[in-house]
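Next up, data.cif (mmCIF, C-alpha atoms):
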data_upload
#
loop_
_atom_site.label_atom_id
_atom_site.label_comp_id
_atom_site.auth_asym_id
_atom_site.auth_seq_id
_atom_site.Cartn_x
_atom_site.Cartn_y
_atom_site.Cartn_z
CA MET S 1 0.00 0.00 0.00
CA ARG S 2 1.13 3.55 -0.71
CA GLN S 3 2.06 5.42 2.44
CA LEU S 4 -0.37 8.05 3.60
CA ARG S 5 0.87 11.59 2.96
CA ILE S 6 -0.52 14.49 4.97
CA LYS S 7 -0.10 17.94 3.48
CA VAL S 8 -1.21 21.41 4.43
CA PRO S 9 -2.66 23.38 1.50
CA SER S 10 -0.23 26.25 0.93
CA GLU S 11 -3.19 28.64 0.65
CA THR S 12 -3.95 28.11 4.35
CA GLY S 13 -0.49 28.55 5.86
CA ALA S 14 3.16 27.54 6.04
CA ALA S 15 4.16 23.94 6.73
CA VAL S 16 7.39 22.02 7.38
CA TYR S 17 8.06 18.52 6.03
CA HIS S 18 10.71 15.93 6.82
CA CYS S 19 11.23 14.19 3.47
CA ILE S 20 13.18 10.99 2.83
CA SER S 21 13.94 9.06 -0.35
CA LYS S 22 16.14 6.02 -1.02
CA THR S 23 17.81 4.59 -4.10
CA ALA S 24 16.34 1.55 -5.85
CA GLY S 25 17.40 -1.54 -3.95
CA GLY S 26 19.24 0.60 -1.43
CA LEU S 27 22.30 0.59 -3.71
CA ARG S 28 25.11 2.92 -2.64
CA LEU S 29 25.29 4.85 -5.89
CA PHE S 30 26.26 8.37 -4.88
CA ASP S 31 29.94 9.24 -4.67
CA ALA S 32 31.25 12.70 -3.75
CA PRO S 33 30.84 14.23 -7.26
CA ALA S 34 27.26 12.95 -7.47
CA LYS S 35 26.51 14.34 -4.02
CA GLU S 36 27.86 17.73 -5.12
CA VAL S 37 25.47 17.75 -8.07
CA PHE S 38 22.54 16.71 -5.88
CA ARG S 39 23.39 19.40 -3.33
CA ARG S 40 23.48 22.10 -6.03
CA GLN S 41 20.24 20.92 -7.60
CA MET S 42 18.58 20.72 -4.19
CA TRP S 43 19.24 24.42 -3.46
CA GLU S 44 18.42 25.57 -7.01
CA THR S 45 15.16 23.61 -7.18
CA ALA S 46 14.17 24.94 -3.74
CA ASP S 47 14.77 28.50 -4.96
CA PHE S 48 12.66 27.87 -8.07
CA CYS S 49 9.81 26.28 -6.11
CA GLY S 50 9.84 28.89 -3.35
CA VAL S 51 10.72 26.27 -0.73
CA ASP S 52 13.16 26.89 2.15
CA VAL S 53 15.50 24.00 2.93
CA LEU S 54 16.07 24.23 6.70
CA THR S 55 18.62 21.43 6.80
CA TYR S 56 19.43 18.18 5.00
CA ASP S 57 21.69 15.15 4.95
CA LEU S 58 22.78 13.16 1.89
CA LEU S 59 24.35 9.71 2.08
CA SER S 60 25.32 7.29 -0.67
CA ASN S 61 21.86 5.68 -0.95
CA HIS S 62 19.32 8.10 0.54
CA PHE S 63 18.66 11.65 1.66
CA HIS S 64 16.77 13.56 4.33
CA ILE S 65 15.46 17.09 3.73
CA LEU S 66 13.68 19.33 6.25
CA ALA S 67 11.80 21.84 4.10
CA LEU S 68 9.55 24.79 4.86
CA VAL S 69 6.80 25.53 2.34
CA PRO S 70 5.64 29.12 2.99
CA ARG S 71 2.07 30.25 2.70
CA LYS S 72 1.19 30.86 -0.94
CA THR S 73 1.29 34.49 -2.06
CA GLU S 74 1.10 36.26 -5.42
CA ILE S 75 4.31 36.06 -7.46
CA SER S 76 5.20 38.86 -9.85
CA ASP S 77 6.38 38.29 -13.40
CA THR S 78 9.78 39.64 -12.38
CA GLU S 79 10.11 36.96 -9.72
CA LEU S 80 8.80 34.27 -12.08
CA LEU S 81 11.48 35.22 -14.60
CA ARG S 82 14.17 35.16 -11.91
CA ARG S 83 13.11 31.68 -10.84
CA PHE S 84 12.95 30.61 -14.49
CA GLU S 85 16.60 31.65 -14.85
CA VAL S 86 17.50 29.68 -11.74
CA ARG S 87 15.96 26.50 -13.12
CA HIS S 88 17.09 27.11 -16.71
CA PRO S 89 20.54 28.71 -16.78
CA PRO S 90 21.76 29.98 -20.18
CA SER S 91 23.72 26.79 -20.89
CA ASP S 92 20.66 24.64 -20.17
CA ARG S 93 17.91 26.62 -21.92
CA ALA S 94 16.06 25.19 -24.91
CA LYS S 95 15.75 27.61 -27.82
CA PRO S 96 11.90 27.79 -27.84
CA SER S 97 11.82 28.76 -24.17
CA CYS S 98 14.80 31.12 -23.96
CA LEU S 99 14.54 34.06 -21.59
CA ARG S 100 14.00 36.73 -24.27
CA SER S 101 11.14 34.78 -25.82
CA VAL S 102 9.48 34.41 -22.43
CA GLN S 103 9.94 38.12 -21.67
CA ALA S 104 8.37 39.09 -25.00
CA MET S 105 5.49 36.68 -24.45
CA LEU S 106 4.77 38.11 -20.99
CA ALA S 107 4.88 41.65 -22.35
CA LEU S 108 2.06 40.79 -24.78
CA ASN S 109 0.09 39.26 -21.88
CA GLY S 110 -1.97 37.06 -24.16
CA PRO S 111 -3.29 33.51 -23.69
CA GLU S 112 0.23 32.06 -24.08
CA ALA S 113 1.51 34.24 -21.22
CA GLN S 114 -1.36 33.19 -18.99
CA ALA S 115 -0.73 29.52 -19.80
CA TRP S 116 3.01 29.94 -19.08
CA ARG S 117 2.33 31.59 -15.72
CA LYS S 118 -0.09 28.82 -14.79
CA GLN S 119 2.43 26.15 -15.75
CA GLN S 120 5.22 27.74 -13.70
CA LEU S 121 3.05 28.43 -10.66
CA ALA S 122 1.83 24.81 -10.66
CA MET S 123 5.40 23.75 -9.86
CA MET S 124 5.80 26.17 -6.95
CA GLY S 125 4.73 26.28 -3.33
CA ASP S 126 4.13 22.53 -3.02
CA ILE S 127 6.35 19.91 -1.35
CA SER S 128 5.32 17.19 -3.80
CA GLN S 129 6.26 19.33 -6.81
CA TYR S 130 9.58 20.23 -5.21
CA MET S 131 10.49 16.61 -4.56
CA LYS S 132 9.31 15.57 -8.02
CA LEU S 133 11.46 18.16 -9.79
CA LEU S 134 14.47 17.45 -7.59
CA LYS S 135 14.37 13.67 -7.98
CA GLN S 136 13.57 13.77 -11.69
CA GLY S 137 16.27 16.32 -12.45
CA PHE S 138 18.90 14.43 -10.53
CA SER S 139 17.85 11.11 -12.08
CA ILE S 140 18.26 12.54 -15.59
CA TRP S 141 21.73 13.87 -14.78
CA TYR S 142 22.82 10.69 -13.00
CA ASN S 143 21.65 8.27 -15.70
CA ARG S 144 23.18 10.35 -18.49
CA SER S 145 26.52 10.85 -16.76
CA HIS S 146 26.77 7.18 -15.75
CA CYS S 147 25.41 5.69 -19.02
CA ARG S 148 22.64 4.13 -16.97
CA LEU S 149 19.01 3.22 -17.71
CA GLY S 150 16.10 2.57 -15.39
CA THR S 151 14.67 3.86 -12.14
CA LEU S 152 17.09 5.55 -9.76
CA TRP S 153 14.78 5.91 -6.76
CA ALA S 154 13.11 3.05 -4.91
CA GLU S 155 9.67 4.63 -4.58
CA ARG S 156 7.91 7.94 -4.09
CA PHE S 157 9.37 9.99 -1.28
CA LYS S 158 8.27 9.55 2.31
CA SER S 159 7.25 12.63 4.30
CA GLU S 160 6.25 13.63 7.80
CA ILE S 161 4.69 17.00 8.54
CA VAL S 162 6.42 18.71 11.48
CA GLU S 163 4.93 21.38 13.73
CA VAL S 164 6.50 24.81 13.35
CA SER S 165 7.68 24.94 16.96
CA LEU S 166 11.13 25.10 18.52
CA ARG S 167 11.00 21.63 20.10
CA SER S 168 9.67 19.82 17.04
CA LEU S 169 11.85 21.52 14.43
CA ALA S 170 15.05 21.45 16.48
CA THR S 171 14.64 17.75 17.34
CA VAL S 172 14.05 16.70 13.73
CA ALA S 173 16.80 18.99 12.39
CA ALA S 174 19.36 17.55 14.82
CA TYR S 175 18.22 14.03 13.97
CA ILE S 176 18.81 14.75 10.28
CA ASP S 177 22.22 16.38 10.75
CA LEU S 178 23.32 13.46 12.95
CA ASN S 179 22.58 10.99 10.15
CA CYS S 180 26.27 10.88 9.20
CA VAL S 181 27.12 10.06 12.83
CA ARG S 182 24.64 7.18 12.91
CA ALA S 183 26.19 5.94 9.66
CA GLY S 184 29.63 5.94 11.28
CA LEU S 185 31.10 8.48 8.82
CA HIS S 186 32.01 11.20 11.33
CA SER S 187 31.73 11.90 15.04
CA ASP S 188 30.82 15.54 14.37
CA PRO S 189 28.38 16.53 11.58
CA LYS S 190 30.31 19.74 10.93
CA ASP S 191 32.98 17.54 9.32
CA TYR S 192 30.56 15.92 6.87
CA ARG S 193 30.21 18.19 3.84
CA PHE S 194 26.84 16.95 2.66
CA CYS S 195 24.59 18.11 5.49
CA GLY S 196 22.99 21.42 6.34
CA TYR S 197 24.94 21.99 9.54
CA ALA S 198 28.33 21.51 7.83
CA GLU S 199 27.34 23.96 5.09
CA ALA S 200 26.25 26.48 7.71
CA VAL S 201 29.52 26.14 9.65
CA ALA S 202 31.44 26.51 6.36
CA GLY S 203 29.78 29.89 5.83
CA SER S 204 26.77 29.26 3.59
CA ARG S 205 24.32 32.06 4.36
CA THR S 206 21.41 30.03 3.01
CA ALA S 207 22.20 27.06 5.28
CA GLN S 208 22.70 29.41 8.22
CA ARG S 209 19.30 31.00 7.63
CA GLY S 210 17.72 27.56 7.57
CA LEU S 211 19.05 26.49 10.97
CA SER S 212 18.45 29.96 12.41
CA THR S 213 14.81 29.55 11.37
CA VAL S 214 14.70 26.15 13.06
CA LEU S 215 15.99 27.61 16.33
CA GLY S 216 14.19 30.93 16.15
CA ILE S 217 17.50 32.79 16.61
CA ALA S 218 18.43 35.39 14.00
CA ASP S 219 22.11 35.67 14.94
CA TRP S 220 24.03 32.71 13.49
CA ALA S 221 26.74 32.68 16.17
CA ALA S 222 24.11 32.34 18.91
CA ALA S 223 22.14 29.83 16.86
CA GLN S 224 25.22 27.69 16.28
CA ALA S 225 26.07 27.61 19.99
CA THR S 226 22.51 26.54 20.82
CA TYR S 227 22.48 23.91 18.09
CA ARG S 228 25.77 22.35 19.21
CA GLN S 229 24.34 21.98 22.70
CA LEU S 230 21.43 20.08 21.17
CA LEU S 231 23.77 17.91 19.09
CA PHE S 232 26.22 17.07 21.89
CA GLY S 233 24.45 17.75 25.17
CA THR S 234 25.94 20.46 27.35
CA ALA S 235 29.34 20.60 25.64
CA ALA S 236 30.35 22.36 22.47
CA ALA S 237 32.39 19.38 21.28
CA PRO S 238 31.71 15.65 20.90
CA ARG S 239 31.38 13.94 24.28
CA GLU S 240 32.04 10.36 25.25
CA ASN S 241 28.48 9.88 26.47
CA ALA S 242 27.11 11.28 23.20
CA GLN S 243 28.44 8.50 21.00
CA SER S 244 26.19 6.20 19.01
CA ILE S 245 24.24 3.54 20.89
CA THR S 246 22.71 0.36 19.57
CA ALA S 247 19.03 -0.23 19.05
CA GLN S 248 19.20 -3.08 21.58
CA GLN S 249 20.64 -0.79 24.25
CA LEU S 250 17.93 1.78 23.62
CA GLU S 251 15.23 -0.91 23.79
CA GLN S 252 16.61 -2.00 27.17
CA VAL S 253 16.25 1.57 28.43
CA VAL S 254 12.64 1.65 27.20
CA VAL S 255 11.79 -1.68 28.87
CA ALA S 256 13.41 -0.57 32.14
CA GLY S 257 11.50 2.72 32.09
CA GLY S 258 14.76 4.65 32.00
CA GLU S 259 15.66 7.96 30.40
CA LEU S 260 18.63 9.13 28.32
CA PRO S 261 19.85 12.56 27.17
CA LEU S 262 18.27 13.68 23.90
CA ALA S 263 21.71 13.98 22.26
CA THR S 264 22.30 10.29 22.98
CA VAL S 265 18.89 9.10 21.77
CA LEU S 266 19.22 11.00 18.50
CA ARG S 267 22.26 8.90 17.64
CA CYS S 268 20.01 5.90 17.09
CA ARG S 269 17.60 5.51 14.18
CA ILE S 270 14.15 6.47 15.48
CA ARG S 271 11.12 5.87 13.30
CA TYR S 272 9.04 8.31 15.35
CA LEU S 273 10.97 11.10 13.63
CA SER S 274 10.45 9.80 10.10
CA ASP S 275 7.39 7.52 9.95
CA GLY S 276 4.93 9.25 12.27
CA MET S 277 3.18 11.13 9.41
CA VAL S 278 2.59 14.05 11.79
CA LEU S 279 4.97 15.18 14.54
CA GLY S 280 4.36 17.88 17.12
CA SER S 281 2.25 18.67 20.16
CA GLN S 282 -0.92 16.67 20.79
CA ILE S 283 -3.02 19.67 19.78
CA PHE S 284 -1.10 20.08 16.52
CA VAL S 285 -1.43 16.38 15.63
CA GLU S 286 -5.16 16.43 16.43
CA GLN S 287 -5.68 19.53 14.27
CA GLN S 288 -3.76 18.13 11.30
CA MET S 289 -5.49 14.76 11.45
CA ALA S 290 -8.93 16.35 11.82
CA ALA S 291 -8.28 18.61 8.81
CA HIS S 292 -6.95 15.66 6.82
CA ARG S 293 -10.06 13.61 7.58
CA VAL S 294 -12.25 16.47 6.37
CA ARG S 295 -10.25 16.77 3.12
CA MET S 296 -10.37 13.00 2.59
CA LYS S 297 -14.02 12.76 3.75
CA GLN S 298 -13.09 10.20 6.40
CA GLN S 299 -14.78 9.42 9.71
CA GLY S 300 -13.44 8.81 13.18
CA PRO S 301 -11.69 11.01 15.77
CA PRO S 302 -7.91 11.60 15.60
CA ARG S 303 -5.93 9.62 18.19
CA PRO S 304 -2.47 11.16 18.75
CA TRP S 305 0.14 8.98 20.44
CA LEU S 306 2.69 10.52 22.81
CA LEU S 307 6.30 9.48 22.31
CA PRO S 308 7.52 7.30 25.20
CA ALA S 309 9.36 9.19 27.92
CA ILE S 310 12.84 7.84 27.14
CA THR S 311 14.18 11.39 26.82
CA ASP S 312 13.06 14.99 27.05
CA TRP S 313 10.88 15.10 23.92
CA GLY S 314 8.83 17.98 25.24
CA GLU S 315 5.66 15.83 24.99
CA LEU S 316 5.91 15.28 21.26
CA ALA S 317 3.20 13.16 19.64
CA ILE S 318 2.66 11.40 16.31
CA ARG S 319 -0.40 10.19 14.41
CA HIS S 320 -0.60 6.78 16.09
CA ARG S 321 1.58 4.12 17.67
CA LEU S 322 3.95 2.55 15.14
CA ARG S 323 3.99 -1.15 14.38
CA GLY S 324 7.19 -3.18 14.31
CA PRO S 325 10.65 -2.16 15.56
CA VAL S 326 10.95 1.54 16.27
CA PHE S 327 14.69 1.79 16.89
CA GLY S 328 17.64 0.67 14.78
#

Structure re-expressed in structure tokens:
Amino acid sequence: MRQLRIKVPSETGAAVYHCISKTAGGLRLFDAPAKEVFRRQMWETADFCGVDVLTYDLLSNHFHILALVPRKTEISDTELLRRFEVRHPPSDRAKPSCLRSVQAMLALNGPEAQAWRKQQLAMMGDISQYMKLLKQGFSIWYNRSHCRLGTLWAERFKSEIVEVSLRSLATVAAYIDLNCVRAGLHSDPKDYRFCGYAEAVAGSRTAQRGLSTVLGIADWAAAQATYRQLLFGTAAAPRENAQSITAQQLEQVVVAGGELPLATVLRCRIRYLSDGMVLGSQIFVEQQMAAHRVRMKQQGPPRPWLLPAITDWGELAIRHRLRGPVFG
């Protein structure tokens, strides 16, 4: 069965999504040059679609993206042309749709201009359109450059809507940036080039704005200090007690009714933060599920499920209790 996807119509307000996609068969296809291309396309496609990438992490066979889709507003022709240039740089533009032709068409403001605007706007302000353009564009480049045929991605992307609150966003962002630590690639995500935190530390203003938005702190220096505390506990550097733990060890803590620091728990794979469909406060989950049931014409009251108290989640909840193993 196709996984349920819950989306907030962009006409009603902003929404944040944790998106994940894997390669077909889980094959480790992406080397450093391929990751560089994906990273560039990710930022360019986000700019075109009007989506803000808050943070991300790219490994050799999958990626995580935390993306903010703002509330839909009117977009001027000037901005549409700017975004068109972002998606179609001069070296990549087809002759029939070159920039001058588009400018002349818009100046006439006839039926062709209206159809062009409608076509461009249909690809903007929507998480599904963003992921579609990103995955399709990268697939075309990858298959051409590697003389490859066939599907690159295993399935449609998986997404979880995340409440726009400090606790929810910061927890999911840290979980994403720590993906390279869980994979055993680095002990500190700042040393892994292909994640949002490393880009921010390296000086990318766009990546810095993303994490500053997550933390609600405009000044990057203050935001970075706060974020490192979340990543490593109370210290500003990797700590011995913040190393990766096994799923079995975490399960033992759950069974014993124990509690661990959040920085330690985030170093284990946790399906609550990727498969919950909705993540946030109980009220937020109830509201999203109720609205989704109205849109889908479904019956039955929403039943949020609080995450078990194995760490300081801040009373986060998801759509319902997950089946099967949760950790590992």

Find the residues of stretch 61-180 of chain S that sit at most 6 Å from stretch 204-224 of chain S; for each, write down the nearest two atoms and how far apart they are in Å, to one decimal. Count only C-alpha atoms. Sort by chain, then by number going up, and give it as CSV.
residue,atom,partner,partner_atom,distance
S:Leu166,CA,S:Leu215,CA,5.9
S:Leu169,CA,S:Val214,CA,5.6
S:Ala170,CA,S:Val214,CA,5.8

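We find atom CA of S:Met277 and atom CA of S:Pro308 to be spaced 16.8 Å apart.
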
Residues selected by the PyMOL selection byres ((chain S and resi 188) around 10), written as a ChimeraX atom specification: /S:177-178,180-181,185-187,189-192,197-198,228,231-232,237-238,243

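Nearest to S:Gln41 of all the residues S:Leu81, S:Ala113, S:Val53, S:Val265 is S:Val53, based on only C-alpha atoms.
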
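Proximity of S:Ile20, S:Val254, S:Ala317, S:Leu230 to S:Arg303, computed with only C-alpha atoms, is greatest for S:Ala317.
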